[in-house]
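Student: Below is one structure. I have some questions about it.
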Amino acid sequence: MSLALATLIHEWRRYTAAVVALAFSGLLILAQVGMFVGIVKGVTATLERSRADLMILPAKMESLINSGGGTLPARLQPQMYLHPEVTEVAAWDIEGGRWVNQPKDGEKAVTTYVDVNMVDTRPGAVTLPTDYTEATRQALMEPYAVAIDRSQLKRLGVQLGDAASLNGKTVRVRAILDGYPNINNAAVVASRDTIRLLGFNRDQSKTGPLMVRIQDPARAVIVRDQLNATAKGAYRAWTREELRAANEGALMSEQIIGIFIGFSVFLGFLIGVGITSQTLRGAILSSIKEFASLRALGVSMGSLRMIVMELSVWVGIVGLIATGLFTFGVFLLAKNGGLPMGFPAPWVIGVSVLLLVISCASGLLALGILKKSQPADLLR
């Protein structure tokens with residue numbers, strides 16, 4: 001075991017403040033990234049958990065986030081079947097309407113605007129999420145039945161079995177979902193038939209983005225390229241993974257979100273360097289006689305500096321572990337509250353590198369204290 005690691009283990013209390021500072025610096029960034037990515041996951045949960053292998057969007061549409069709508073000509077839906085590997089195509093329509101609950105005595109009246117997500121209730125349908133239970137599927141087959149995420153019930157003022165008004169017509173909450181929150185507008189789910197009964201989808205010449213299932217999901221990229229080659233500017237085909245990355249990138253490129261995350265990175269760097277460097281300086285100063293003893297034994301100043309730098313790296317590694325534990329705790333709290341979180345690998349890697357840079361920079365700032373490790377001081 002190296003001297004630096006042995007020192008960290010034996011005198012861990014002296015370095016706790018540095019580890020905690022690094023952990024909270026990483027948590028400050030990852031928690032915000034996780035929350036923003038979770039917003040995307042909540043909005044696109046129906047797509048992410050569908051049986052679709054490809055998505056068809058308008059040609060100039062770069063993502064589903066802040067895209068300004070995604071309608072396609074209805075004629076494109078049967079056109080997809082011209083490709084021999086396409087087995088099922090269905091429109092993914094998202095409507096919107098006025099929601100009014102029917103409060104009982106003492107309950108709060110709620111009037112709000114909601115998004116209405118469409119699913120097909122046929123067993124194994126391409127738009128039917130894979131995590132829907134058979135009971136949920138059968139419940140949505142009932143005319144005017146809707147399903148609501150558990151986190152949205154209080155927001156919409158209803159419980160399972162309650163009636164409400166949607167688009168001026170009475171609907172009933174027949175199923176409760178988990179993992180489908182919507183931070184922006186509250187969302188409800190209904191079958192395609194119920195959406196028609198509610199008066200949506202009146203313009204039959206337009207349709208929403210198309211979900212496409214193919215014979216062999218492993219050939220999704222090949223089929224995507226083939227469809228795009230024959231699109232002639234009418235549409236663009238995406239794989240689910242490609243579209244997911246585009247949605248996350250579109251959200252992260254929003255100016256206000258960029259400001260939030262940029263400020264968090266700057267603040268986390270300042271806090272990490274400030275506290276970690278001072279902690280290392282204090283710990284080295286408290287062990288200055290030990291360093292002076294090493295110099296008296298012939299250990300060069302360069303070797304002592306390497307020990308301090310190795311010690312700062314070990315502090316950074318322990319800080320990374322603590323960051324992972326704290327972030328996992330926040331993830332569990334968010335999950336318990338119905339908010340999904342996502343941690344893209346590039347951001348996790350970037351934060352890990354940042355924390356190691358902070359610890360190394362703190363070690364460099366603490367090197368000056370070694371000048372006080374004079375062997376002559378041992379004679380006092």
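All residue names refer to the structure tokens as shown: chains lettered A, B, ... in order, residues numbered from 1 in each chain, ligands numbered from 1 in order.
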Would you list the contacts of region 180-190 of chain A as a PyMOL selection string, taking every protein, DNA or RNA residue within 9 Å and counting only C-alpha atoms, but skipping same-chain residues closer than 6 positions in sequence?

Tutor: chain A and resi 39-46+96+112-120+140-141+144-152+155-156+338-340

Student: Expressed in Å to a single decimal, how great is the separation between CA of Phe24 (chain A) and CA of Glu310 (chain A)?

Tutor: 21.6 Å

Student: Grab the CA of Gly157 (chain A) to CA of Val100 (chain A) distance for me, in Å with one decimal place.

Tutor: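 That distance, rounded to one decimal, is 8.8 Å.
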
Student: Rounded to one decimal place, report the CA of Thr323 (chain A)-CA of Leu27 (chain A) distance in Å.

Tutor: 6.0 Å

Student: Give me, as a short mmCIF file (atom, residue, chain, number, x, y, z; two decimals) with N, CA, C and O atoms, in the first residue's frame, the residues of region 65-269 of chain A that a backbone DSSP run labels alpha helix (DSSP H).

Tutor:
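Contents of selection08.cif, as written:
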data_model
loop_
_atom_site.label_atom_id
_atom_site.label_comp_id
_atom_site.auth_asym_id
_atom_site.auth_seq_id
_atom_site.Cartn_x
_atom_site.Cartn_y
_atom_site.Cartn_z
N LEU A 76 -48.78 9.01 -45.77
CA LEU A 76 -47.50 8.38 -45.52
C LEU A 76 -47.63 7.07 -44.75
O LEU A 76 -46.78 6.19 -44.85
N GLN A 77 -48.72 6.94 -43.99
CA GLN A 77 -48.86 5.73 -43.17
C GLN A 77 -48.95 4.47 -44.02
O GLN A 77 -48.18 3.53 -43.80
N PRO A 78 -49.84 4.38 -45.00
CA PRO A 78 -49.83 3.17 -45.85
C PRO A 78 -48.58 3.06 -46.71
O PRO A 78 -48.18 1.96 -47.10
N GLN A 79 -47.95 4.21 -46.99
CA GLN A 79 -46.75 4.18 -47.82
C GLN A 79 -45.61 3.42 -47.14
O GLN A 79 -44.77 2.81 -47.81
N GLU A 134 -52.21 -6.30 -18.42
CA GLU A 134 -53.41 -6.72 -19.16
C GLU A 134 -54.65 -6.04 -18.62
O GLU A 134 -55.57 -5.68 -19.37
N ALA A 135 -54.68 -5.81 -17.29
CA ALA A 135 -55.83 -5.12 -16.69
C ALA A 135 -55.93 -3.68 -17.18
O ALA A 135 -57.02 -3.18 -17.45
N THR A 136 -54.79 -3.02 -17.35
CA THR A 136 -54.78 -1.64 -17.86
C THR A 136 -55.26 -1.61 -19.30
O THR A 136 -56.06 -0.75 -19.70
N ARG A 137 -54.78 -2.55 -20.10
CA ARG A 137 -55.20 -2.60 -21.50
C ARG A 137 -56.70 -2.81 -21.63
O ARG A 137 -57.38 -2.11 -22.39
N GLN A 138 -57.24 -3.73 -20.86
CA GLN A 138 -58.67 -4.00 -20.93
C GLN A 138 -59.49 -2.82 -20.39
O GLN A 138 -60.57 -2.52 -20.90
N ALA A 139 -58.96 -2.15 -19.36
CA ALA A 139 -59.68 -0.99 -18.81
C ALA A 139 -59.80 0.12 -19.85
O ALA A 139 -60.84 0.79 -19.94
N LEU A 140 -58.74 0.32 -20.65
CA LEU A 140 -58.77 1.39 -21.65
C LEU A 140 -59.65 1.04 -22.85
O LEU A 140 -59.98 1.92 -23.65
N LEU A 153 -52.48 12.40 -10.05
CA LEU A 153 -53.84 12.29 -9.51
C LEU A 153 -54.22 13.53 -8.70
O LEU A 153 -55.30 14.11 -8.90
N LYS A 154 -53.38 13.93 -7.77
CA LYS A 154 -53.68 15.10 -6.93
C LYS A 154 -53.75 16.35 -7.78
O LYS A 154 -54.59 17.23 -7.55
N ARG A 155 -52.87 16.43 -8.75
CA ARG A 155 -52.83 17.60 -9.63
C ARG A 155 -54.14 17.76 -10.41
O ARG A 155 -54.60 18.87 -10.66
N LEU A 156 -54.75 16.62 -10.79
CA LEU A 156 -56.00 16.66 -11.56
C LEU A 156 -57.23 16.50 -10.69
O LEU A 156 -58.35 16.56 -11.19
N ARG A 192 -57.42 4.92 -28.90
CA ARG A 192 -57.69 5.64 -30.14
C ARG A 192 -59.19 5.84 -30.35
O ARG A 192 -59.64 6.90 -30.79
N ASP A 193 -59.98 4.84 -29.97
CA ASP A 193 -61.43 4.97 -30.13
C ASP A 193 -61.99 6.05 -29.20
O ASP A 193 -62.86 6.82 -29.60
N THR A 194 -61.50 6.09 -27.97
CA THR A 194 -61.98 7.12 -27.03
C THR A 194 -61.61 8.51 -27.51
O THR A 194 -62.40 9.46 -27.37
N ILE A 195 -60.43 8.64 -28.09
CA ILE A 195 -60.01 9.95 -28.60
C ILE A 195 -60.96 10.41 -29.71
O ILE A 195 -61.32 11.59 -29.78
N ARG A 196 -61.40 9.48 -30.53
CA ARG A 196 -62.37 9.85 -31.56
C ARG A 196 -63.70 10.25 -30.93
O ARG A 196 -64.33 11.23 -31.34
N LEU A 197 -64.14 9.51 -29.90
CA LEU A 197 -65.40 9.84 -29.23
C LEU A 197 -65.35 11.21 -28.56
O LEU A 197 -66.37 11.89 -28.44
N ALA A 220 -32.73 -2.33 -37.65
CA ALA A 220 -33.39 -1.03 -37.59
C ALA A 220 -32.60 0.06 -38.30
O ALA A 220 -33.17 0.89 -39.03
N VAL A 221 -31.29 0.09 -38.11
CA VAL A 221 -30.47 1.13 -38.74
C VAL A 221 -30.49 0.99 -40.26
O VAL A 221 -30.60 1.98 -40.99
N ILE A 222 -30.43 -0.25 -40.75
CA ILE A 222 -30.44 -0.48 -42.20
C ILE A 222 -31.79 -0.04 -42.79
O ILE A 222 -31.84 0.66 -43.82
N VAL A 223 -32.89 -0.45 -42.15
CA VAL A 223 -34.21 -0.07 -42.65
C VAL A 223 -34.40 1.44 -42.57
O VAL A 223 -34.98 2.06 -43.47
N ARG A 224 -33.90 2.05 -41.49
CA ARG A 224 -33.98 3.52 -41.38
C ARG A 224 -33.33 4.19 -42.58
O ARG A 224 -33.90 5.10 -43.20
N ASP A 225 -32.12 3.75 -42.91
CA ASP A 225 -31.40 4.36 -44.04
C ASP A 225 -32.13 4.13 -45.35
O ASP A 225 -32.17 5.01 -46.22
N GLN A 226 -32.71 2.95 -45.51
CA GLN A 226 -33.45 2.67 -46.75
C GLN A 226 -34.70 3.53 -46.86
O GLN A 226 -35.02 4.03 -47.94
N LEU A 227 -35.41 3.72 -45.75
CA LEU A 227 -36.60 4.57 -45.78
C LEU A 227 -36.22 6.02 -46.07
O LEU A 227 -36.90 6.72 -46.83
N ASN A 228 -35.13 6.49 -45.46
CA ASN A 228 -34.71 7.87 -45.69
C ASN A 228 -34.25 8.09 -47.12
O ASN A 228 -34.40 9.19 -47.68
N ALA A 229 -33.69 7.03 -47.73
CA ALA A 229 -33.22 7.16 -49.11
C ALA A 229 -34.37 7.35 -50.09
O ALA A 229 -34.19 7.95 -51.17
N ARG A 240 -35.13 4.47 -32.33
CA ARG A 240 -35.55 4.97 -31.01
C ARG A 240 -34.37 5.54 -30.23
O ARG A 240 -34.49 6.56 -29.55
N GLU A 241 -33.23 4.88 -30.31
CA GLU A 241 -32.05 5.34 -29.58
C GLU A 241 -31.58 6.68 -30.13
O GLU A 241 -31.19 7.59 -29.38
N GLU A 242 -31.61 6.82 -31.45
CA GLU A 242 -31.20 8.07 -32.09
C GLU A 242 -32.12 9.21 -31.69
O GLU A 242 -31.68 10.31 -31.37
N LEU A 243 -33.42 8.95 -31.65
CA LEU A 243 -34.38 9.98 -31.29
C LEU A 243 -34.27 10.34 -29.81
O LEU A 243 -34.41 11.50 -29.43
N ARG A 244 -34.03 9.33 -28.96
CA ARG A 244 -33.86 9.61 -27.53
C ARG A 244 -32.69 10.55 -27.29
O ARG A 244 -32.78 11.51 -26.52
N ALA A 245 -31.55 10.28 -27.96
CA ALA A 245 -30.39 11.15 -27.81
C ALA A 245 -30.67 12.55 -28.34
O ALA A 245 -30.23 13.55 -27.75
N ALA A 246 -31.43 12.65 -29.43
CA ALA A 246 -31.76 13.96 -29.98
C ALA A 246 -32.67 14.74 -29.03
O ALA A 246 -32.52 15.96 -28.87
N ASN A 247 -33.62 14.05 -28.39
CA ASN A 247 -34.50 14.72 -27.44
C ASN A 247 -33.72 15.27 -26.25
O ASN A 247 -33.93 16.41 -25.81
N GLU A 248 -32.80 14.46 -25.71
CA GLU A 248 -32.00 14.91 -24.58
C GLU A 248 -31.10 16.07 -24.98
O GLU A 248 -30.95 17.05 -24.24
N GLY A 249 -30.51 15.97 -26.17
CA GLY A 249 -29.64 17.06 -26.64
C GLY A 249 -30.40 18.35 -26.86
O GLY A 249 -29.90 19.44 -26.57
N ALA A 250 -31.63 18.24 -27.38
CA ALA A 250 -32.44 19.43 -27.61
C ALA A 250 -32.78 20.13 -26.31
O ALA A 250 -32.77 21.36 -26.22
N LEU A 251 -33.09 19.34 -25.28
CA LEU A 251 -33.41 19.94 -23.99
C LEU A 251 -32.18 20.60 -23.38
O LEU A 251 -32.24 21.73 -22.87
N MET A 252 -31.03 19.93 -23.44
CA MET A 252 -29.81 20.47 -22.85
C MET A 252 -29.31 21.71 -23.59
O MET A 252 -28.58 22.52 -23.02
N GLN A 255 -31.38 27.50 -23.86
CA GLN A 255 -30.52 28.53 -23.27
C GLN A 255 -30.63 28.58 -21.75
O GLN A 255 -29.63 28.61 -21.04
N ILE A 256 -31.86 28.58 -21.23
CA ILE A 256 -32.03 28.72 -19.79
C ILE A 256 -31.47 27.51 -19.06
O ILE A 256 -30.85 27.64 -17.99
N ILE A 257 -31.64 26.31 -19.64
CA ILE A 257 -31.10 25.11 -19.02
C ILE A 257 -29.58 25.12 -19.08
O ILE A 257 -28.89 24.74 -18.13
N GLY A 258 -29.03 25.58 -20.20
CA GLY A 258 -27.59 25.71 -20.32
C GLY A 258 -27.02 26.66 -19.27
O GLY A 258 -25.94 26.42 -18.72
N ILE A 259 -27.74 27.74 -18.98
CA ILE A 259 -27.29 28.69 -17.95
C ILE A 259 -27.29 28.02 -16.59
O ILE A 259 -26.34 28.16 -15.81
N PHE A 260 -28.38 27.29 -16.28
CA PHE A 260 -28.47 26.60 -14.99
C PHE A 260 -27.30 25.63 -14.80
O PHE A 260 -26.62 25.64 -13.77
N ILE A 261 -27.08 24.78 -15.80
CA ILE A 261 -26.05 23.76 -15.67
C ILE A 261 -24.66 24.40 -15.68
O ILE A 261 -23.78 24.01 -14.91
N GLY A 262 -24.46 25.41 -16.54
CA GLY A 262 -23.18 26.09 -16.57
C GLY A 262 -22.85 26.74 -15.24
O GLY A 262 -21.71 26.67 -14.75
N PHE A 263 -23.85 27.38 -14.63
CA PHE A 263 -23.64 28.00 -13.31
C PHE A 263 -23.33 26.93 -12.26
O PHE A 263 -22.50 27.14 -11.38
N SER A 264 -24.01 25.78 -12.35
CA SER A 264 -23.77 24.70 -11.40
C SER A 264 -22.34 24.17 -11.52
O SER A 264 -21.68 23.88 -10.52
N VAL A 265 -21.87 24.02 -12.76
CA VAL A 265 -20.49 23.56 -12.97
C VAL A 265 -19.50 24.56 -12.38
O VAL A 265 -18.55 24.18 -11.69
N PHE A 266 -19.72 25.85 -12.65
CA PHE A 266 -18.83 26.89 -12.13
C PHE A 266 -18.86 26.92 -10.61
O PHE A 266 -17.80 26.95 -9.95
N LEU A 267 -20.07 26.87 -10.04
CA LEU A 267 -20.20 26.90 -8.58
C LEU A 267 -19.60 25.65 -7.95
O LEU A 267 -18.90 25.72 -6.93
N GLY A 268 -19.86 24.50 -8.56
CA GLY A 268 -19.30 23.26 -8.03
C GLY A 268 -17.78 23.27 -8.07
O GLY A 268 -17.12 22.77 -7.14
N PHE A 269 -17.19 23.84 -9.13
CA PHE A 269 -15.73 23.91 -9.23
C PHE A 269 -15.16 24.80 -8.13
O PHE A 269 -14.18 24.44 -7.46
#

Student: Rank nothing, just name the residue among A:Leu177, A:Ala234, A:Glu142, A:Leu5 nearest to Val308 (chain A), using only C-alpha atoms.

Tutor: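 When distances to Val308 (chain A) are compared using only C-alpha atoms, the smallest one comes from A:Leu5.
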
Student: May I have the residues within 6 Å of Ala59 (chain A) as a list of chain:residue names, using only C-alpha atoms and disregarding those fewer than 5 positions away in the same chain?

Tutor: A:Gly233, A:Ala234, A:Tyr235, A:Arg236

Student: For Pro209 (chain A), find every residue with an atom within 8 Å (counting only C-alpha atoms), except residues of its own chain fewer than 6 positions away, and show them as a VMD selection string.

Tutor: chain A and resid 55 to 58 70 to 72 91 to 93

Student: Of the residues A:Arg51, A:Lys104, A:His10, A:Lys60, which is the one nearest to Ala163 (chain A), using only C-alpha atoms?

Tutor: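 Among the listed residues, A:Lys104 lies closest to Ala163 (chain A).
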
Student: For the structure I just gave you, how does DSSP split region 150-328 of chain A - specifically, which residues are strand (DSSP E or B)? Reply as an NGL selection string.

Tutor: :A and (163-166 or 169-177 or 186-191 or 206-207 or 210-214 or 236-239)

Student: Fewer than 3 positions away in the same chain doesn't count, so skip those; otherwise give me all residues within 7 Å of Ser277 (chain A), counting only C-alpha atoms, as a list in words.

Tutor: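 In the requested format, the answer is Val273, Gly274, Leu280, Arg281, Ser362, Gly363, Leu365 and Ala366 of chain A.
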
Student: Do a neighbour search on Leu320 (chain A) at 12 Å with only C-alpha atoms, toss out local chain neighbours closer than 2 positions, and write the hits as a short mmCIF file (atom, residue, chain, number, x, y, z; two decimals) with all heavy atoms, in the first residue's frame.

Tutor:
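Saved the output as result_36.cif:
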data_model
loop_
_atom_site.label_atom_id
_atom_site.label_comp_id
_atom_site.auth_asym_id
_atom_site.auth_seq_id
_atom_site.Cartn_x
_atom_site.Cartn_y
_atom_site.Cartn_z
N ALA A 18 -13.05 17.28 2.62
CA ALA A 18 -12.71 17.34 1.20
C ALA A 18 -13.56 16.36 0.39
O ALA A 18 -14.05 16.69 -0.70
CB ALA A 18 -11.23 17.02 1.01
N VAL A 19 -13.75 15.17 0.93
CA VAL A 19 -14.56 14.15 0.23
C VAL A 19 -16.01 14.63 0.10
O VAL A 19 -16.63 14.51 -0.98
CB VAL A 19 -14.49 12.81 0.98
CG1 VAL A 19 -15.50 11.82 0.39
CG2 VAL A 19 -13.09 12.23 0.90
N VAL A 20 -16.56 15.16 1.18
CA VAL A 20 -17.95 15.65 1.15
C VAL A 20 -18.10 16.81 0.19
O VAL A 20 -19.09 16.91 -0.55
CB VAL A 20 -18.40 16.05 2.57
CG1 VAL A 20 -19.77 16.73 2.52
CG2 VAL A 20 -18.46 14.82 3.47
N ALA A 21 -17.11 17.72 0.16
CA ALA A 21 -17.16 18.85 -0.76
C ALA A 21 -17.18 18.38 -2.21
O ALA A 21 -17.96 18.87 -3.04
CB ALA A 21 -15.98 19.78 -0.52
N LEU A 22 -16.33 17.40 -2.53
CA LEU A 22 -16.31 16.85 -3.88
C LEU A 22 -17.63 16.16 -4.21
O LEU A 22 -18.17 16.30 -5.32
CB LEU A 22 -15.16 15.86 -4.03
CG LEU A 22 -13.75 16.45 -4.10
CD1 LEU A 22 -12.71 15.35 -4.08
CD2 LEU A 22 -13.58 17.30 -5.34
N ALA A 23 -18.17 15.41 -3.24
CA ALA A 23 -19.41 14.68 -3.46
C ALA A 23 -20.56 15.63 -3.77
O ALA A 23 -21.34 15.41 -4.70
CB ALA A 23 -19.74 13.81 -2.26
N PHE A 24 -20.66 16.71 -3.00
CA PHE A 24 -21.75 17.65 -3.23
C PHE A 24 -21.54 18.48 -4.49
O PHE A 24 -22.51 18.91 -5.12
CB PHE A 24 -21.94 18.55 -2.01
CG PHE A 24 -22.79 17.93 -0.94
CD1 PHE A 24 -22.23 17.32 0.15
CD2 PHE A 24 -24.17 17.94 -1.06
CE1 PHE A 24 -23.01 16.72 1.12
CE2 PHE A 24 -24.97 17.35 -0.09
CZ PHE A 24 -24.39 16.74 1.01
N SER A 25 -20.29 18.71 -4.87
CA SER A 25 -20.03 19.39 -6.14
C SER A 25 -20.54 18.55 -7.30
O SER A 25 -21.18 19.06 -8.23
CB SER A 25 -18.53 19.66 -6.29
OG SER A 25 -18.06 20.54 -5.30
N GLY A 26 -20.25 17.24 -7.26
CA GLY A 26 -20.75 16.35 -8.31
C GLY A 26 -22.25 16.21 -8.27
O GLY A 26 -22.92 16.20 -9.32
N LEU A 27 -22.80 16.11 -7.06
CA LEU A 27 -24.25 15.96 -6.92
C LEU A 27 -24.98 17.19 -7.44
O LEU A 27 -26.05 17.08 -8.05
CB LEU A 27 -24.60 15.72 -5.45
CG LEU A 27 -26.08 15.57 -5.12
CD1 LEU A 27 -26.66 14.34 -5.80
CD2 LEU A 27 -26.28 15.47 -3.60
N LEU A 30 -25.00 16.63 -11.29
CA LEU A 30 -25.72 15.44 -11.76
C LEU A 30 -27.19 15.48 -11.41
O LEU A 30 -28.03 14.98 -12.18
CB LEU A 30 -25.08 14.19 -11.16
CG LEU A 30 -23.72 13.79 -11.72
CD1 LEU A 30 -23.17 12.57 -11.00
CD2 LEU A 30 -23.82 13.51 -13.22
N VAL A 313 -5.32 12.66 -5.47
CA VAL A 313 -6.02 11.79 -6.42
C VAL A 313 -6.88 10.77 -5.67
O VAL A 313 -8.04 10.52 -6.04
CB VAL A 313 -5.01 11.07 -7.33
CG1 VAL A 313 -5.72 10.00 -8.17
CG2 VAL A 313 -4.32 12.06 -8.25
N TRP A 314 -6.35 10.20 -4.59
CA TRP A 314 -7.14 9.25 -3.81
C TRP A 314 -8.36 9.93 -3.19
O TRP A 314 -9.45 9.34 -3.12
CB TRP A 314 -6.28 8.61 -2.72
CG TRP A 314 -5.40 7.50 -3.22
CD1 TRP A 314 -4.03 7.49 -3.26
CD2 TRP A 314 -5.82 6.26 -3.78
NE1 TRP A 314 -3.57 6.32 -3.80
CE2 TRP A 314 -4.66 5.53 -4.12
CE3 TRP A 314 -7.06 5.68 -4.01
CZ2 TRP A 314 -4.70 4.27 -4.68
CZ3 TRP A 314 -7.11 4.41 -4.57
CH2 TRP A 314 -5.95 3.72 -4.90
N VAL A 315 -8.18 11.17 -2.73
CA VAL A 315 -9.33 11.92 -2.21
C VAL A 315 -10.38 12.10 -3.31
O VAL A 315 -11.58 11.98 -3.06
CB VAL A 315 -8.87 13.29 -1.67
CG1 VAL A 315 -10.08 14.19 -1.39
CG2 VAL A 315 -8.06 13.12 -0.39
N GLY A 316 -9.91 12.37 -4.54
CA GLY A 316 -10.85 12.51 -5.66
C GLY A 316 -11.59 11.23 -5.95
O GLY A 316 -12.80 11.24 -6.23
N ILE A 317 -10.91 10.09 -5.88
CA ILE A 317 -11.56 8.80 -6.15
C ILE A 317 -12.61 8.50 -5.09
O ILE A 317 -13.73 8.05 -5.40
CB ILE A 317 -10.50 7.69 -6.22
CG1 ILE A 317 -9.62 7.88 -7.45
CG2 ILE A 317 -11.17 6.31 -6.26
CD1 ILE A 317 -8.45 6.92 -7.53
N VAL A 318 -12.25 8.72 -3.82
CA VAL A 318 -13.24 8.51 -2.76
C VAL A 318 -14.41 9.48 -2.92
O VAL A 318 -15.57 9.12 -2.68
CB VAL A 318 -12.57 8.69 -1.38
CG1 VAL A 318 -13.61 8.55 -0.26
CG2 VAL A 318 -11.47 7.66 -1.18
N ALA A 322 -18.43 8.66 -3.23
CA ALA A 322 -19.45 9.33 -2.43
C ALA A 322 -20.48 10.03 -3.31
O ALA A 322 -21.68 10.03 -3.02
CB ALA A 322 -18.79 10.35 -1.49
N THR A 323 -20.02 10.61 -4.42
CA THR A 323 -20.95 11.24 -5.37
C THR A 323 -21.94 10.22 -5.91
O THR A 323 -23.15 10.49 -6.03
CB THR A 323 -20.17 11.88 -6.54
OG1 THR A 323 -19.30 12.88 -6.03
CG2 THR A 323 -21.13 12.52 -7.54
N GLY A 324 -21.43 9.04 -6.27
CA GLY A 324 -22.32 7.98 -6.76
C GLY A 324 -23.36 7.58 -5.74
O GLY A 324 -24.54 7.39 -6.07
N LEU A 325 -22.96 7.47 -4.48
CA LEU A 325 -23.91 7.08 -3.43
C LEU A 325 -24.96 8.16 -3.20
O LEU A 325 -26.15 7.87 -3.09
CB LEU A 325 -23.14 6.80 -2.13
CG LEU A 325 -22.20 5.59 -2.15
CD1 LEU A 325 -21.43 5.49 -0.84
CD2 LEU A 325 -22.99 4.30 -2.40
N PHE A 326 -24.52 9.43 -3.14
CA PHE A 326 -25.47 10.52 -2.94
C PHE A 326 -26.44 10.64 -4.12
O PHE A 326 -27.64 10.86 -3.94
CB PHE A 326 -24.73 11.85 -2.75
CG PHE A 326 -24.03 11.97 -1.43
CD1 PHE A 326 -23.01 12.90 -1.25
CD2 PHE A 326 -24.37 11.16 -0.35
CE1 PHE A 326 -22.36 13.01 -0.02
CE2 PHE A 326 -23.74 11.27 0.87
CZ PHE A 326 -22.73 12.20 1.04
N THR A 327 -25.89 10.49 -5.33
CA THR A 327 -26.74 10.61 -6.53
C THR A 327 -27.76 9.46 -6.57
O THR A 327 -28.92 9.67 -6.95
CB THR A 327 -25.88 10.58 -7.80
OG1 THR A 327 -24.91 11.64 -7.72
CG2 THR A 327 -26.74 10.79 -9.04
N VAL A 348 -21.98 11.80 -16.97
CA VAL A 348 -21.38 11.10 -15.83
C VAL A 348 -19.86 11.09 -15.97
O VAL A 348 -19.13 11.36 -15.00
CB VAL A 348 -21.93 9.66 -15.74
CG1 VAL A 348 -21.19 8.88 -14.66
CG2 VAL A 348 -23.43 9.68 -15.45
N ILE A 349 -19.37 10.80 -17.18
CA ILE A 349 -17.92 10.80 -17.41
C ILE A 349 -17.36 12.20 -17.22
O ILE A 349 -16.30 12.40 -16.59
CB ILE A 349 -17.60 10.27 -18.81
CG1 ILE A 349 -18.01 8.79 -18.92
CG2 ILE A 349 -16.12 10.44 -19.14
CD1 ILE A 349 -17.91 8.23 -20.33
N GLY A 350 -18.06 13.21 -17.75
CA GLY A 350 -17.59 14.59 -17.62
C GLY A 350 -17.50 15.04 -16.18
O GLY A 350 -16.52 15.69 -15.78
N VAL A 351 -18.51 14.71 -15.38
CA VAL A 351 -18.48 15.09 -13.96
C VAL A 351 -17.37 14.34 -13.23
O VAL A 351 -16.70 14.91 -12.36
CB VAL A 351 -19.86 14.81 -13.31
CG1 VAL A 351 -19.78 14.96 -11.79
CG2 VAL A 351 -20.91 15.77 -13.87
N SER A 352 -17.15 13.08 -13.58
CA SER A 352 -16.07 12.32 -12.95
C SER A 352 -14.72 12.95 -13.22
O SER A 352 -13.88 13.11 -12.32
CB SER A 352 -16.08 10.87 -13.46
OG SER A 352 -17.31 10.24 -13.16
N VAL A 353 -14.51 13.35 -14.48
CA VAL A 353 -13.25 14.02 -14.83
C VAL A 353 -13.13 15.35 -14.10
O VAL A 353 -12.06 15.71 -13.59
CB VAL A 353 -13.17 14.23 -16.36
CG1 VAL A 353 -11.97 15.10 -16.73
CG2 VAL A 353 -13.09 12.90 -17.08
N LEU A 354 -14.25 16.09 -14.01
CA LEU A 354 -14.22 17.38 -13.32
C LEU A 354 -13.82 17.22 -11.86
O LEU A 354 -13.01 18.00 -11.33
CB LEU A 354 -15.60 18.04 -13.42
CG LEU A 354 -15.76 19.37 -12.65
CD1 LEU A 354 -14.84 20.43 -13.25
CD2 LEU A 354 -17.21 19.83 -12.68
N LEU A 355 -14.36 16.21 -11.19
CA LEU A 355 -14.03 16.01 -9.78
C LEU A 355 -12.56 15.64 -9.59
O LEU A 355 -11.91 16.08 -8.64
CB LEU A 355 -14.92 14.92 -9.18
CG LEU A 355 -16.41 15.25 -9.09
CD1 LEU A 355 -17.17 14.14 -8.37
CD2 LEU A 355 -16.66 16.57 -8.39
N LEU A 356 -12.02 14.84 -10.51
CA LEU A 356 -10.60 14.51 -10.42
C LEU A 356 -9.73 15.74 -10.70
O LEU A 356 -8.68 15.92 -10.07
CB LEU A 356 -10.26 13.39 -11.41
CG LEU A 356 -10.83 12.01 -11.06
CD1 LEU A 356 -10.49 11.00 -12.15
CD2 LEU A 356 -10.31 11.52 -9.71
N VAL A 357 -10.18 16.59 -11.62
CA VAL A 357 -9.45 17.84 -11.89
C VAL A 357 -9.48 18.73 -10.65
O VAL A 357 -8.46 19.35 -10.29
CB VAL A 357 -10.06 18.56 -13.10
CG1 VAL A 357 -9.51 19.98 -13.22
CG2 VAL A 357 -9.78 17.79 -14.38
N ILE A 358 -10.64 18.80 -9.99
CA ILE A 358 -10.76 19.61 -8.78
C ILE A 358 -9.80 19.10 -7.70
O ILE A 358 -9.09 19.88 -7.05
CB ILE A 358 -12.20 19.60 -8.26
CG1 ILE A 358 -13.12 20.40 -9.19
CG2 ILE A 358 -12.29 20.17 -6.84
CD1 ILE A 358 -14.59 20.33 -8.82
N SER A 359 -9.76 17.79 -7.51
CA SER A 359 -8.89 17.24 -6.47
C SER A 359 -7.43 17.46 -6.80
O SER A 359 -6.62 17.79 -5.91
CB SER A 359 -9.19 15.74 -6.29
OG SER A 359 -8.90 15.02 -7.47
#

Student: Considering only C-alpha atoms, state which residue in the set A:Met211, A:Met80, A:Met301, A:Ile29 is at the smallest distance from Leu367 (chain A).

Tutor: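 Residue with the minimum atom-to-atom distance to Leu367 (chain A): A:Met301.
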
Student: Just checking: using only C-alpha atoms, which residue out of A:Val33, A:Leu54, A:Val173, A:Val158 ends up closest to Glu85 (chain A)?

Tutor: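 Of all the options, A:Leu54 lies closest to Glu85 (chain A).
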
Student: Leaving out Ile214 (chain A) and any residue of its chain fewer than 2 positions from it, which residues lie within 6 Å of it when counting only C-alpha atoms, given as a ChimeraX atom specification?

Tutor: /A:85-87,216
